[in-house]
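Here's start10.tsv, which has TSV, C-alpha atoms:
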```tsv
chain	number	residue	atom	x	y	z
S	1	MET	CA	70.67	116.94	131.86
S	2	LYS	CA	73.77	118.79	130.79
S	3	GLU	CA	73.50	121.09	127.85
S	4	TYR	CA	75.33	119.84	124.82
S	5	ARG	CA	76.54	121.40	121.63
S	6	VAL	CA	77.53	120.07	118.25
S	7	LEU	CA	80.82	121.21	116.77
S	8	GLU	CA	81.28	120.67	113.07
S	9	ILE	CA	84.68	119.33	112.05
S	10	LYS	CA	83.98	118.18	108.47
S	11	GLN	CA	87.49	117.06	107.80
S	12	SER	CA	88.55	114.20	105.62
S	13	VAL	CA	90.48	111.70	107.68
S	14	PHE	CA	93.04	111.48	104.93
S	15	GLU	CA	93.49	115.24	104.79
S	16	ASP	CA	96.11	115.41	107.49
S	17	ASN	CA	98.12	112.69	105.80
S	18	ASN	CA	97.71	114.38	102.40
S	19	LYS	CA	99.19	117.58	103.80
S	20	GLN	CA	102.14	115.70	105.27
S	21	ALA	CA	102.64	113.95	101.94
S	22	ASP	CA	102.71	117.22	100.00
S	23	LEU	CA	105.24	118.66	102.44
S	24	LEU	CA	107.44	115.60	102.05
S	25	ARG	CA	107.25	115.76	98.24
S	26	GLN	CA	108.34	119.40	98.33
S	27	LYS	CA	111.26	118.52	100.59
S	28	LEU	CA	112.29	115.71	98.22
S	29	LYS	CA	112.09	118.12	95.28
S	30	ASP	CA	114.38	120.58	97.08
S	31	GLU	CA	116.85	117.82	97.89
S	32	LYS	CA	116.64	116.32	94.38
S	33	ILE	CA	115.57	112.90	95.61
S	34	PHE	CA	113.10	110.83	93.61
S	35	LEU	CA	110.90	108.63	95.78
S	36	LEU	CA	109.07	105.66	94.27
S	37	ASN	CA	106.34	103.89	96.22
S	38	LEU	CA	106.18	100.26	95.12
S	39	MET	CA	103.10	98.26	96.05
S	40	SER	CA	101.64	94.81	95.44
S	41	SER	CA	100.08	91.79	97.12
S	42	PRO	CA	102.37	89.65	99.28
S	43	GLY	CA	104.42	87.40	97.05
S	44	ALA	CA	103.92	89.28	93.78
S	45	GLY	CA	107.68	89.75	93.44
S	46	LYS	CA	108.48	93.22	94.76
S	47	THR	CA	111.86	92.30	96.21
S	48	THR	CA	113.00	90.21	93.23
S	49	THR	CA	111.91	92.95	90.82
S	50	LEU	CA	113.75	95.54	92.88
S	51	THR	CA	116.91	93.46	93.00
S	52	ARG	CA	116.89	93.19	89.19
S	53	THR	CA	116.13	96.87	88.75
S	54	ILE	CA	118.88	97.96	91.13
S	55	GLU	CA	121.38	95.80	89.23
S	56	MET	CA	120.51	97.74	86.07
S	57	LEU	CA	120.59	101.20	87.62
S	58	LYS	CA	123.28	101.06	90.26
S	59	GLU	CA	126.01	102.38	87.97
S	60	LYS	CA	123.89	105.37	86.97
S	61	LEU	CA	122.05	106.32	90.17
S	62	ARG	CA	122.73	106.19	93.87
S	63	ILE	CA	119.87	104.12	95.25
S	64	GLY	CA	118.38	103.73	98.72
S	65	VAL	CA	115.66	101.24	99.61
S	66	MET	CA	113.17	101.16	102.46
S	67	GLU	CA	111.65	97.76	103.11
S	68	ALA	CA	108.39	97.99	105.01
S	69	ASP	CA	107.01	94.87	106.60
S	70	ILE	CA	104.97	93.93	109.59
S	71	ASP	CA	107.86	91.80	110.81
S	72	SER	CA	111.24	90.22	109.81
S	73	ASP	CA	114.18	91.61	107.83
S	74	VAL	CA	114.56	88.98	105.10
S	75	ASP	CA	113.77	91.51	102.35
S	76	ALA	CA	116.32	94.01	103.60
S	77	ALA	CA	118.94	91.27	103.69
S	78	THR	CA	118.17	90.34	100.07
S	79	ILE	CA	118.37	93.94	98.87
S	80	SER	CA	121.61	94.62	100.76
S	81	GLU	CA	123.31	91.98	98.63
S	82	THR	CA	122.92	94.31	95.62
S	83	GLY	CA	125.09	96.86	97.37
S	84	ALA	CA	122.26	99.39	97.63
S	85	LYS	CA	121.71	101.27	100.84
S	86	VAL	CA	118.78	99.66	102.68
S	87	ILE	CA	116.73	100.02	105.83
S	88	GLN	CA	114.06	97.70	107.20
S	89	LEU	CA	110.96	99.41	108.59
S	90	HIS	CA	108.63	97.55	110.90
S	91	THR	CA	105.08	98.79	110.85
S	92	GLY	CA	104.14	97.08	114.10
S	93	GLY	CA	101.08	95.36	112.69
S	94	MET	CA	99.95	98.29	110.55
S	95	CYS	CA	98.96	97.33	107.03
S	96	HIS	CA	100.31	100.40	105.23
S	97	LEU	CA	102.74	103.29	105.50
S	98	ASP	CA	101.61	106.89	105.78
S	99	ALA	CA	103.56	110.03	104.92
S	100	ASP	CA	104.91	110.53	108.42
S	101	MET	CA	106.23	106.96	108.64
S	102	THR	CA	107.81	107.38	105.20
S	103	LYS	CA	109.51	110.58	106.32
S	104	GLN	CA	110.90	108.82	109.39
S	105	GLY	CA	112.04	105.97	107.17
S	106	LEU	CA	113.93	108.35	104.89
S	107	GLU	CA	115.61	109.93	107.91
S	108	GLY	CA	116.60	106.48	109.14
S	109	LEU	CA	117.92	105.51	105.73
S	110	GLY	CA	119.95	108.70	105.41
S	111	THR	CA	119.22	110.27	102.04
S	112	GLU	CA	122.35	112.34	101.60
S	113	GLY	CA	123.73	111.67	98.15
S	114	VAL	CA	120.79	109.45	97.21
S	115	ASP	CA	119.19	110.07	93.78
S	116	LEU	CA	116.54	107.41	93.90
S	117	ALA	CA	114.77	106.21	97.04
S	118	ILE	CA	112.40	103.28	96.75
S	119	LEU	CA	109.78	102.43	99.31
S	120	GLU	CA	108.72	98.81	99.22
S	121	ASN	CA	105.32	99.15	100.86
S	122	VAL	CA	103.58	96.46	102.91
S	123	GLY	CA	102.22	93.67	100.70
S	124	ASN	CA	98.56	94.65	100.41
S	125	LEU	CA	96.31	95.98	97.64
S	126	VAL	CA	93.85	97.82	99.85
S	127	CYS	CA	95.25	100.12	102.51
S	128	PRO	CA	98.43	101.43	100.84
S	129	ALA	CA	96.20	102.80	98.07
S	130	GLU	CA	94.41	105.06	100.53
S	131	PHE	CA	97.48	106.70	102.00
S	132	ASP	CA	99.67	109.08	100.05
S	133	THR	CA	103.22	108.35	101.22
S	134	GLY	CA	104.69	111.51	99.72
S	135	ALA	CA	106.22	109.53	96.86
S	136	VAL	CA	106.78	111.22	93.50
S	137	LYS	CA	105.38	108.23	91.60
S	138	ASN	CA	103.48	105.09	92.51
S	139	ALA	CA	104.13	101.74	90.91
S	140	MET	CA	102.50	98.40	91.51
S	141	ILE	CA	103.15	94.80	90.61
S	142	LEU	CA	100.41	92.35	89.73
S	143	SER	CA	101.65	88.80	89.30
S	144	VAL	CA	100.08	86.34	86.89
S	145	PRO	CA	99.00	83.75	89.54
S	146	GLU	CA	96.86	86.42	91.24
S	147	GLY	CA	94.56	86.56	88.22
S	148	ASP	CA	93.52	89.11	85.59
S	149	ASP	CA	90.42	90.11	87.59
S	150	LYS	CA	92.34	92.02	90.26
S	151	PRO	CA	91.72	95.45	88.66
S	152	LEU	CA	88.00	94.76	89.12
S	153	LYS	CA	88.43	93.81	92.76
S	154	TYR	CA	90.91	96.47	93.89
S	155	PRO	CA	90.11	99.40	91.61
S	156	LEU	CA	91.59	102.14	93.78
S	157	MET	CA	95.08	100.65	93.75
S	158	PHE	CA	95.09	100.53	89.95
S	159	THR	CA	93.70	104.06	89.79
S	160	ILE	CA	96.46	105.71	91.82
S	161	CYS	CA	99.46	104.03	90.15
S	162	ASP	CA	101.58	105.52	87.36
S	163	VAL	CA	103.08	102.20	86.34
S	164	LEU	CA	101.81	98.63	86.51
S	165	LEU	CA	104.25	95.76	86.19
S	166	ILE	CA	102.63	92.47	85.31
S	167	ASN	CA	105.11	89.99	86.75
S	168	LYS	CA	105.73	86.25	86.31
S	169	ILE	CA	104.71	86.28	82.65
S	170	ASP	CA	106.82	83.14	82.18
S	171	VAL	CA	104.11	81.07	83.89
S	172	MET	CA	101.22	82.57	81.92
S	173	PRO	CA	100.57	79.30	80.01
S	174	TYR	CA	99.79	77.55	83.30
S	175	PHE	CA	97.22	80.08	84.48
S	176	ASP	CA	94.01	81.40	82.95
S	177	PHE	CA	95.46	84.88	82.73
S	178	ASP	CA	94.19	87.01	79.86
S	179	LEU	CA	96.83	89.72	79.47
S	180	GLN	CA	94.80	91.75	76.98
S	181	ALA	CA	91.66	91.66	79.12
S	182	CYS	CA	93.70	92.64	82.16
S	183	ILE	CA	95.26	95.63	80.40
S	184	GLU	CA	91.84	96.74	79.12
S	185	ARG	CA	90.40	96.61	82.64
S	186	VAL	CA	93.29	98.63	84.01
S	187	LYS	CA	93.16	101.24	81.24
S	188	LYS	CA	89.46	101.72	81.82
S	189	LEU	CA	90.20	102.66	85.42
S	190	ASN	CA	93.31	104.65	84.62
S	191	PRO	CA	93.89	105.59	80.96
S	192	ASP	CA	97.32	107.15	81.70
S	193	ILE	CA	98.87	104.13	83.43
S	194	GLN	CA	101.88	102.53	81.79
S	195	VAL	CA	101.73	98.73	81.73
S	196	ILE	CA	104.98	96.75	81.53
S	197	PRO	CA	104.88	92.93	81.40
S	198	VAL	CA	107.96	91.52	83.14
S	199	CYS	CA	109.49	88.40	84.50
S	200	ALA	CA	111.66	89.34	87.47
S	201	LYS	CA	113.10	85.83	87.65
S	202	THR	CA	114.57	85.89	84.12
S	203	GLY	CA	114.89	89.68	83.88
S	204	GLU	CA	112.58	89.96	80.87
S	205	GLY	CA	111.02	93.42	80.59
S	206	ILE	CA	112.86	94.81	83.62
S	207	GLU	CA	114.93	97.04	81.34
S	208	ASP	CA	111.78	98.93	80.32
S	209	PHE	CA	110.93	99.56	83.95
S	210	ALA	CA	114.50	100.60	84.77
S	211	ASP	CA	114.44	103.01	81.80
S	212	TRP	CA	111.21	104.58	82.98
S	213	LEU	CA	112.55	104.91	86.51
S	214	TYR	CA	115.80	106.46	85.31
S	215	LYS	CA	114.05	109.01	83.09
S	216	GLU	CA	111.58	109.98	85.81
S	217	THR	CA	114.40	110.41	88.33
S	218	ILE	CA	116.38	112.68	85.99
S	219	LYS	CA	113.22	114.64	85.15
S	220	TRP	CA	112.52	115.18	88.86
S	221	GLN	CA	116.07	116.29	89.56
S	222	THR	CA	116.20	118.93	86.82
I	1	MET	CA	93.80	95.89	110.87
I	2	HIS	CA	92.99	98.43	108.18
I	3	GLU	CA	90.19	100.09	110.11
I	4	LEU	CA	92.21	100.26	113.32
I	5	GLY	CA	95.00	102.32	111.77
I	6	VAL	CA	92.56	104.70	110.16
I	7	VAL	CA	90.40	105.07	113.27
I	8	MET	CA	93.54	105.88	115.25
I	9	GLU	CA	94.11	108.69	112.75
I	10	VAL	CA	90.53	109.86	113.45
I	11	VAL	CA	91.33	109.94	117.16
I	12	ARG	CA	94.44	112.07	116.52
I	13	VAL	CA	92.50	114.60	114.43
I	14	VAL	CA	89.63	114.84	116.93
I	15	GLU	CA	91.98	115.19	119.89
I	16	GLU	CA	93.71	118.08	118.17
I	17	PHE	CA	90.35	119.70	117.43
I	18	VAL	CA	89.25	119.24	121.03
I	19	ARG	CA	92.41	120.90	122.35
I	20	GLU	CA	92.17	123.82	119.93
I	21	ASN	CA	88.51	124.48	120.70
I	22	ASP	CA	88.65	124.13	124.49
I	23	VAL	CA	86.08	121.38	124.58
I	24	GLU	CA	85.52	120.05	128.07
I	25	GLU	CA	83.98	116.68	127.38
I	26	VAL	CA	83.15	114.82	124.19
I	27	ASP	CA	80.00	112.70	124.15
I	28	THR	CA	79.86	111.41	120.57
I	29	VAL	CA	82.09	111.40	117.49
I	30	VAL	CA	80.15	111.41	114.21
I	31	LEU	CA	81.78	110.04	111.06
I	32	GLN	CA	80.58	109.99	107.46
I	33	VAL	CA	81.59	106.96	105.47
I	34	GLY	CA	81.01	106.50	101.76
I	35	GLU	CA	79.60	103.11	100.83
I	36	LEU	CA	82.34	102.72	98.21
I	37	SER	CA	85.17	103.57	100.59
I	38	SER	CA	87.23	100.68	101.88
I	39	MET	CA	86.01	101.30	105.42
I	40	ILE	CA	83.39	98.91	106.75
I	41	PRO	CA	81.16	100.55	109.38
I	42	LYS	CA	80.81	97.33	111.40
I	43	TYR	CA	84.58	97.07	111.76
I	44	ILE	CA	84.91	100.76	112.59
I	45	TYR	CA	82.49	100.21	115.48
I	46	ASP	CA	84.41	97.08	116.49
I	47	VAL	CA	87.84	98.73	116.64
I	48	TYR	CA	86.69	102.05	118.08
I	49	PRO	CA	87.03	101.03	121.76
I	50	ALA	CA	90.60	99.88	121.10
I	51	ALA	CA	91.50	103.06	119.20
I	52	VAL	CA	90.24	105.41	121.93
I	53	ASP	CA	91.68	103.37	124.80
I	54	GLY	CA	93.86	105.59	126.95
I	55	THR	CA	93.05	108.75	124.95
I	56	MET	CA	90.85	111.71	125.85
I	57	LEU	CA	88.12	110.11	123.74
I	58	GLU	CA	87.88	107.08	125.97
I	59	LYS	CA	84.24	106.38	126.88
I	60	THR	CA	82.90	108.47	123.97
I	61	LYS	CA	80.22	107.13	121.66
I	62	LEU	CA	80.58	106.66	117.95
I	63	ASP	CA	77.99	107.37	115.29
I	64	ILE	CA	78.41	106.63	111.57
I	65	GLU	CA	76.40	108.13	108.71
I	66	ILE	CA	76.57	106.39	105.35
I	67	ILE	CA	77.03	108.39	102.15
I	68	PRO	CA	75.58	106.64	99.07
I	69	GLY	CA	77.84	105.83	96.14
I	70	ASN	CA	76.29	107.65	93.19
I	71	GLY	CA	77.54	107.92	89.64
I	72	ARG	CA	76.52	110.04	86.66
I	73	CYS	CA	76.32	108.14	83.40
I	74	GLY	CA	78.85	109.39	80.84
I	75	ASN	CA	76.43	108.62	78.03
I	76	CYS	CA	72.92	109.72	79.11
I	77	GLU	CA	73.75	111.57	82.36
I	78	THR	CA	71.39	109.48	84.48
I	79	ILE	CA	72.40	109.52	88.12
I	80	PHE	CA	72.32	106.08	89.69
I	81	SER	CA	73.48	104.02	92.67
I	82	VAL	CA	76.72	102.34	91.66
I	83	LEU	CA	76.31	99.39	94.03
I	84	GLN	CA	72.64	98.64	93.32
I	85	ASN	CA	73.18	98.80	89.56
I	86	HIS	CA	76.50	96.93	89.53
I	87	ALA	CA	78.31	99.96	88.06
I	88	THR	CA	76.07	99.90	84.94
I	89	CYS	CA	73.67	102.69	83.97
I	90	PRO	CA	70.08	101.41	84.50
I	91	ASN	CA	68.85	103.64	81.67
I	92	CYS	CA	71.29	102.97	78.81
I	93	GLN	CA	73.51	100.14	80.18
I	94	SER	CA	76.70	102.17	79.69
I	95	THR	CA	79.51	101.32	82.11
I	96	GLN	CA	81.22	104.68	81.70
I	97	PHE	CA	80.32	106.93	84.59
I	98	GLU	CA	81.68	109.70	86.74
I	99	LEU	CA	81.66	108.94	90.43
I	100	LEU	CA	79.85	111.72	92.29
I	101	SER	CA	80.06	110.39	95.83
I	102	GLY	CA	80.79	107.33	97.91
I	103	ARG	CA	84.54	107.35	98.56
I	104	GLU	CA	84.36	109.77	101.50
I	105	PHE	CA	85.68	109.22	104.94
I	106	TYR	CA	84.94	112.32	106.98
I	107	ILE	CA	84.90	113.28	110.59
I	108	LYS	CA	81.62	115.17	110.42
I	109	GLU	CA	81.18	116.59	113.92
I	110	ILE	CA	81.44	115.97	117.61
I	111	VAL	CA	78.67	116.23	120.17
I	112	CYS	CA	80.19	117.73	123.30
I	113	TYR	CA	79.61	119.61	126.51
```

Full structure transcribed into structure tokens:
Amino acid sequence: MKEYRVLEIKQSVFEDNNKQADLLRQKLKDEKIFLLNLMSSPGAGKTTTLTRTIEMLKEKLRIGVMEADIDSDVDAATISETGAKVIQLHTGGMCHLDADMTKQGLEGLGTEGVDLAILENVGNLVCPAEFDTGAVKNAMILSVPEGDDKPLKYPLMFTICDVLLINKIDVMPYFDFDLQACIERVKKLNPDIQVIPVCAKTGEGIEDFADWLYKETIKWQT
Amino acid sequence: MHELGVVMEVVRVVEEFVRENDVEEVDTVVLQVGELSSMIPKYIYDVYPAAVDGTMLEKTKLDIEIIPGNGRCGNCETIFSVLQNHATCPNCQSTQFELLSGREFYIKEIVCY
């Protein structure tokens, strides 16, 4: 029998990605580009929310959007109607974006002159939470039909986000969605998170999100 | 799908390690997975052959050690298993606790020649 040896590696699998993410954040800081990573389940309203937000900010900031999906370019087409710069990224079946893919996406988008870059991550509450994309801030959308118990089921996602938008509040009367209970559950996981109830369809509450995004972008640039 | 992407990352890290350390042949890759991480050992085993296909880790074995998810109660400092006690302190029933372990996903070591 051949002699064998054991070599200790003891490396977190996410470590490599974390390093890449930190490098990317530093690069963005140098270039004065604010990158927001926007996450949610499929159908929570990421694209509609973004469209509304871009409408409010496009006079003040130069915006670029990266749409990440497993397939299709319907989201990129919708965003391009706002006049914002947009690129569609295909993940080839992968359920999340990592820092390296985000960096490639930014290169593809062309960030020269861009103040605010937004990454619309793959619709998924599990995997994107595990991978730091290199974004300056993380935001997520939870929509009312998904239920107020989601913070209990996907705690990590709620833990890593700086802002939570609770979308589709116009249909709250038709669902057993307890807004107060939901906010309490989220705050227990993440006391610093900012919760903004919105309705992307009517535009209600979007101004608060746009304000936050604008202030954070300016703060990052100075 | 989730496990496959992550296991492919494992393969990249191990391959780099193997090259840097002049390892001739790898027999087994040993991972440590926290029971509160989003990685399910059964699925990691299932996707492993696909992740190593065509790489220098093809034909290697995989071994997974589980790290328990333990929390320390924020009220009475009792240390307890988060899963077995449904995230509630068995001593004082507080639900405030500090997670001590269980989220890990480490490449622990490789057995090689």

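If you count only C-alpha atoms and ignore residues fewer than 2 places along the chain from Lys29 (chain S), what sits within 12 Å of it is Asp22, Leu23, Leu24, Arg25, Gln26, Lys27, Glu31, Lys32, Ile33, Phe34, Leu35, Asp115, Leu116, Gly134, Ala135, Val136, Thr217, Ile218, Lys219, Trp220, Gln221 and Thr222 of chain S.
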
**Report entry** Contact residues (chain S, partner chain I, 7 Å, all atoms listed in the file) as a PyMOL selection string
**Finding:** chain S and resi 3-13+94-95+127

Query - Pairwise distance for CA of Val126 (chain S) and CA of Glu65 (chain I), rounded to one decimal in Å - result: 22.1 Å

**Report entry** Pick from I:Asn75, I:Thr55, I:Asn70, I:Thr60 nearest to Gln93 (chain I), counting all atoms listed in the file
**Finding:**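 Counting all atoms listed in the file, the residue closest to Gln93 (chain I) is I:Asn75.
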
Show which residues sit within 6 Å of region 139-148 of chain S, as a tab-separated table (two decimals) with C-alpha atoms, in the coordinates of the input. Count all atoms listed in the file, and ignore same-chain residues fewer than 2 positions away.
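File result05.tsv, as written:
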```
chain	number	residue	atom	x	y	z
S	38	LEU	CA	106.18	100.26	95.12
S	39	MET	CA	103.10	98.26	96.05
S	40	SER	CA	101.64	94.81	95.44
S	44	ALA	CA	103.92	89.28	93.78
S	150	LYS	CA	92.34	92.02	90.26
S	161	CYS	CA	99.46	104.03	90.15
S	162	ASP	CA	101.58	105.52	87.36
S	163	VAL	CA	103.08	102.20	86.34
S	164	LEU	CA	101.81	98.63	86.51
S	165	LEU	CA	104.25	95.76	86.19
S	166	ILE	CA	102.63	92.47	85.31
S	167	ASN	CA	105.11	89.99	86.75
S	168	LYS	CA	105.73	86.25	86.31
S	177	PHE	CA	95.46	84.88	82.73
S	182	CYS	CA	93.70	92.64	82.16
```

Query raised in the report: Quick one: distance from CA of Met66 (chain S) to CA of Asp170 (chain S) in Å, one decimal?
Result: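 About the pair CA of Met66 (chain S) and CA of Asp170 (chain S): they are 27.9 Å apart.
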
I want to know what sits within 7 Å of region 46-56 of chain S, based on all atoms listed in the file, with residues of the same chain fewer than 5 positions away left out; could you give that as an mmCIF file with C-alpha atoms, in the frame of the given file?
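Contents of the output file result.cif:
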```cif
data_model
loop_
_atom_site.group_PDB
_atom_site.id
_atom_site.type_symbol
_atom_site.label_atom_id
_atom_site.label_comp_id
_atom_site.auth_asym_id
_atom_site.auth_seq_id
_atom_site.Cartn_x
_atom_site.Cartn_y
_atom_site.Cartn_z
ATOM 1 C CA ASP S 75 113.770 91.510 102.350
ATOM 2 C CA ILE S 79 118.370 93.940 98.870
ATOM 3 C CA THR S 82 122.920 94.310 95.620
ATOM 4 C CA ILE S 141 103.150 94.800 90.610
ATOM 5 C CA ALA S 200 111.660 89.340 87.470
ATOM 6 C CA GLY S 203 114.890 89.680 83.880
ATOM 7 C CA ILE S 206 112.860 94.810 83.620
ATOM 8 C CA ALA S 210 114.500 100.600 84.770
#
```

Query - Selected residue, from I:Glu16, I:Leu100, I:Tyr45, I:Asp22, that lies nearest to Ile64 (chain I) when counting only C-alpha atoms - result: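 Residue with the minimum atom-to-atom distance to Ile64 (chain I): I:Tyr45.
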
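Taking all atoms listed in the file into account, the residues near (126.4, 110.0, 96.7), no farther than 9 Å, are Leu61, Arg62, Ile63, Thr111, Glu112, Gly113, Val114 and Asp115 of chain S.
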
Requested in this report: Could you tell me how far CA of Leu36 (chain S) lies from CA of Ala117 (chain S), in Å and to one decimal?
Outcome: 6.4 Å
